[in-house]
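Engineer: Following this message is one structure expressed as structure tokens.
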Amino acid sequence: MIKKLAAALLMSFSAAAIAVPLGSQSVLVVEDGTGKILVEKNADAIVPIASLTKLMTAMVVLDSRLDMNEQISIDKEDIDTLKHSTSRVPVGTTLSRTDVLHLALMSSDNRAAASLARTYPGGPAAFKAAVNAKIRALGMTRTRIDEPTGLSPNNTSTAEDLVKMATAAARYPTITSMTTDKSDIMRIKGRQVEYHNTNRLVGAKGWDIGLSKTGYTEEAGRCLIMRITAAGKNATMVLLNASGSSARIADALNIRRLMAGSDAPRVMKASTRSMKATRDNGRKKAVIKKKPRRRRAAA
């Protein structure tokens, strides 16, 4: 009788969802192809999305079928007057639309993103209308995007909606290629300048990344979208509002470890402070959904 009871308890434990604290305040990890949710935490919370916005900017630009070899000049209008963020692309720089898009996606340059909207047929107003149409087409019912860079805190969405955006963006070979470049050298005003990917996991040993985009503003915290392959499994992850880059990286590492088959995702020290804040604020922890397993596997 005792043995039967113990077996039942073991099976019920292995079938239950396991709560795992994560540094990011909103998380959603979905298995590609099946749509199975692997990790979920506050996935329906509407929050600022910072430069994750640039994936939408890229899709709208590519959908327009504009001449990607056309030369675009960075203008004074492209300077960030909202957050006063810096840029390594000086005013007066002239590049092809392809190179400008590359800078917006890989190194998350705000002037580059702003210039793509400014040079869109019909200007920023027409660009915003195209963005809204794309949002509706993708069924992103809880998303609002007011401008192309992500600097505005009015650019908001949910982890659920952003998985839809990431899935759509992954269908564009240009976007997958540009967001997974570790670095590139471009000719800026007569000299060679090297630009780097804002996601330090791109090109790192052991990482197979098919799509990447980081984001940060004070309101949004540290954000990340990635499509990764681990242990033969493909998944899309959205991490929103981590307290720092180290917490965001720790979450990504734990998710990859989970995909690789570990039963107990490890929470790294880097996310300790944000986890404490999560407990103090009474927010719910991430839930990893697992299939019931036999007693031997659970042991």
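By order in the structure tokens, chains are A, B, ...; within a chain, residues start at 1; ligands start at 1, following the order shown.
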Could you list, as a PDB file with C-alpha atoms, in the first residue's frame, every residue within 10 Å of segment 103-118 of chain A, counting only C-alpha atoms and ignoring same-chain residues fewer than 6 positions away?
Structural biologist:
```
ATOM      1  CA  SER A  51      14.197  47.997 -29.644  1.00  0.00           C
ATOM      2  CA  LEU A  52      12.360  44.729 -30.188  1.00  0.00           C
ATOM      3  CA  THR A  53      10.264  47.185 -32.218  1.00  0.00           C
ATOM      4  CA  LYS A  54      12.944  47.103 -34.916  1.00  0.00           C
ATOM      5  CA  LEU A  55      11.868  43.623 -36.034  1.00  0.00           C
ATOM      6  CA  THR A  57      10.294  48.082 -38.662  1.00  0.00           C
ATOM      7  CA  ALA A  58      12.339  45.653 -40.740  1.00  0.00           C
ATOM      8  CA  VAL A  60       7.427  46.726 -42.971  1.00  0.00           C
ATOM      9  CA  VAL A  61      10.447  47.999 -44.919  1.00  0.00           C
ATOM     10  CA  ILE A  72      19.962  56.853 -47.754  1.00  0.00           C
ATOM     11  CA  SER A  73      21.518  59.764 -45.865  1.00  0.00           C
ATOM     12  CA  ILE A  74      21.248  60.012 -42.092  1.00  0.00           C
ATOM     13  CA  ASP A  75      19.554  63.341 -41.378  1.00  0.00           C
ATOM     14  CA  LYS A  76      19.220  65.639 -38.357  1.00  0.00           C
ATOM     15  CA  GLU A  77      15.595  64.474 -38.181  1.00  0.00           C
ATOM     16  CA  ASP A  78      16.892  61.008 -37.287  1.00  0.00           C
ATOM     17  CA  ILE A  79      18.597  62.172 -34.086  1.00  0.00           C
ATOM     18  CA  ASP A  80      16.975  60.887 -30.902  1.00  0.00           C
ATOM     19  CA  SER A  85      20.702  58.115 -27.036  1.00  0.00           C
ATOM     20  CA  THR A  86      24.073  58.021 -28.742  1.00  0.00           C
ATOM     21  CA  SER A  87      24.771  56.683 -32.208  1.00  0.00           C
ATOM     22  CA  ARG A  88      27.889  55.620 -34.075  1.00  0.00           C
ATOM     23  CA  VAL A  89      26.296  56.672 -37.354  1.00  0.00           C
ATOM     24  CA  PRO A  90      27.026  60.393 -37.845  1.00  0.00           C
ATOM     25  CA  VAL A  91      24.569  62.772 -39.462  1.00  0.00           C
ATOM     26  CA  LEU A  95      24.586  54.146 -46.990  1.00  0.00           C
ATOM     27  CA  ARG A  97      19.049  50.944 -47.528  1.00  0.00           C
ATOM     28  CA  PRO A 124       6.624  58.502 -41.056  1.00  0.00           C
ATOM     29  CA  ALA A 125       2.818  58.760 -41.159  1.00  0.00           C
ATOM     30  CA  ALA A 126       2.569  56.237 -43.992  1.00  0.00           C
ATOM     31  CA  PHE A 127       5.130  54.058 -42.246  1.00  0.00           C
ATOM     32  CA  LYS A 128       3.065  54.025 -39.057  1.00  0.00           C
ATOM     33  CA  GLU A 147       7.482  54.903 -33.886  1.00  0.00           C
ATOM     34  CA  PRO A 148      10.204  52.759 -35.516  1.00  0.00           C
ATOM     35  CA  THR A 149      13.018  52.713 -32.949  1.00  0.00           C
ATOM     36  CA  GLY A 150      11.431  51.532 -29.701  1.00  0.00           C
ATOM     37  CA  LEU A 151      12.612  54.586 -27.786  1.00  0.00           C
ATOM     38  CA  ILE A 175      16.137  39.530 -41.086  1.00  0.00           C
ATOM     39  CA  THR A 176      17.451  36.172 -39.873  1.00  0.00           C
ATOM     40  CA  SER A 177      20.772  36.786 -41.592  1.00  0.00           C
ATOM     41  CA  MET A 178      21.242  40.345 -40.338  1.00  0.00           C
ATOM     42  CA  THR A 179      20.203  39.663 -36.756  1.00  0.00           C
ATOM     43  CA  THR A 180      22.596  36.724 -36.446  1.00  0.00           C
ATOM     44  CA  ASP A 181      25.677  38.501 -37.813  1.00  0.00           C
ATOM     45  CA  LYS A 182      28.228  38.872 -35.038  1.00  0.00           C
ATOM     46  CA  SER A 183      29.760  41.985 -36.600  1.00  0.00           C
ATOM     47  CA  ASP A 184      30.249  43.856 -39.839  1.00  0.00           C
ATOM     48  CA  MET A 186      31.001  49.481 -43.088  1.00  0.00           C
ATOM     49  CA  TYR A 195      29.809  47.408 -35.763  1.00  0.00           C
ATOM     50  CA  HIS A 196      28.830  44.565 -33.431  1.00  0.00           C
ATOM     51  CA  ASN A 197      25.695  42.638 -32.550  1.00  0.00           C
ATOM     52  CA  THR A 198      24.052  43.869 -29.351  1.00  0.00           C
ATOM     53  CA  ASN A 199      23.389  40.249 -28.345  1.00  0.00           C
ATOM     54  CA  SER A 212      17.965  37.655 -32.467  1.00  0.00           C
ATOM     55  CA  LYS A 213      16.960  41.099 -31.224  1.00  0.00           C
ATOM     56  CA  THR A 214      17.766  42.878 -27.999  1.00  0.00           C
ATOM     57  CA  GLY A 215      16.095  45.902 -26.494  1.00  0.00           C
ATOM     58  CA  TYR A 216      16.605  48.328 -23.657  1.00  0.00           C
TER      59      TYR A 216
END
```
Engineer: Taking the DSSP secondary structure from the backbone, can you list the residues of segment 141-216 of chain A that are strand (DSSP E or B), as a PDB file with C-alpha atoms, in the first residue's frame?
Structural biologist:
```pdb
ATOM      1  CA  ARG A 144       0.871  49.291 -30.012  1.00  0.00           C
ATOM      2  CA  THR A 156       4.041  48.226 -25.962  1.00  0.00           C
ATOM      3  CA  SER A 157       3.159  44.565 -26.369  1.00  0.00           C
ATOM      4  CA  SER A 183      29.760  41.985 -36.600  1.00  0.00           C
ATOM      5  CA  ASP A 184      30.249  43.856 -39.839  1.00  0.00           C
ATOM      6  CA  ILE A 185      32.540  46.555 -41.213  1.00  0.00           C
ATOM      7  CA  MET A 186      31.001  49.481 -43.088  1.00  0.00           C
ATOM      8  CA  ARG A 187      32.486  52.477 -44.826  1.00  0.00           C
ATOM      9  CA  ILE A 188      31.361  55.569 -42.932  1.00  0.00           C
ATOM     10  CA  ARG A 191      36.692  55.233 -43.183  1.00  0.00           C
ATOM     11  CA  GLN A 192      36.079  51.643 -42.153  1.00  0.00           C
ATOM     12  CA  VAL A 193      33.998  51.270 -38.997  1.00  0.00           C
ATOM     13  CA  GLU A 194      33.238  47.963 -37.284  1.00  0.00           C
ATOM     14  CA  TYR A 195      29.809  47.408 -35.763  1.00  0.00           C
ATOM     15  CA  HIS A 196      28.830  44.565 -33.431  1.00  0.00           C
ATOM     16  CA  ASP A 208      22.700  27.977 -32.462  1.00  0.00           C
ATOM     17  CA  ILE A 209      20.680  31.152 -33.001  1.00  0.00           C
ATOM     18  CA  GLY A 210      18.331  31.639 -35.936  1.00  0.00           C
ATOM     19  CA  LEU A 211      16.925  35.067 -35.015  1.00  0.00           C
ATOM     20  CA  SER A 212      17.965  37.655 -32.467  1.00  0.00           C
ATOM     21  CA  LYS A 213      16.960  41.099 -31.224  1.00  0.00           C
ATOM     22  CA  THR A 214      17.766  42.878 -27.999  1.00  0.00           C
ATOM     23  CA  GLY A 215      16.095  45.902 -26.494  1.00  0.00           C
ATOM     24  CA  TYR A 216      16.605  48.328 -23.657  1.00  0.00           C
TER      25      TYR A 216
END
```
Engineer: Which one is closest to Leu82 of chain A: A:Ser152, A:Gly203, A:Ala247, A:Ala230? Count only C-alpha atoms.
Structural biologist: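 Looking at the shortest contact to Leu82 of chain A, the residue is A:Ser152.
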Engineer: Residues near Val27 of chain A, anyone? I mean within 7 Å using only C-alpha atoms, not counting same-chain ones fewer than 3 positions away, as a list in words.
Structural biologist: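 Within the cut-off, the hits are Ser24, Glu40, Lys41, Asn42, Ala43, Ala159, Val238, Leu239 and Leu240 of chain A.
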Engineer: Kindly indicate which residue among A:Gly139, A:Pro121, A:Gly261, A:Gly244 lies nearest to Gly232 of chain A, using only C-alpha atoms for the distances.
Structural biologist: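 Result for the nearest residue to Gly232 of chain A: A:Gly261.
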Engineer: What is the atom CA of Glu160 of chain A-atom CA of Gly33 of chain A distance in Å, reported with one decimal?
Structural biologist: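 If I compute the distance from atom CA of Glu160 of chain A to atom CA of Gly33 of chain A, I get 15.6 Å.
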Engineer: What separation in Å, quoted to one decimal, exists between atom CA of Leu162 of chain A and atom CA of Arg222 of chain A?
Structural biologist: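 Distance reported for this atom pair: 14.8 Å.
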Engineer: In terms of the shortest atom-to-atom distance over only C-alpha atoms, which of A:Ile145, A:Leu66, A:Leu101, A:Val47 is closest to Ala242 of chain A?
Structural biologist: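 So, comparing all the options, the nearest one is A:Val47.
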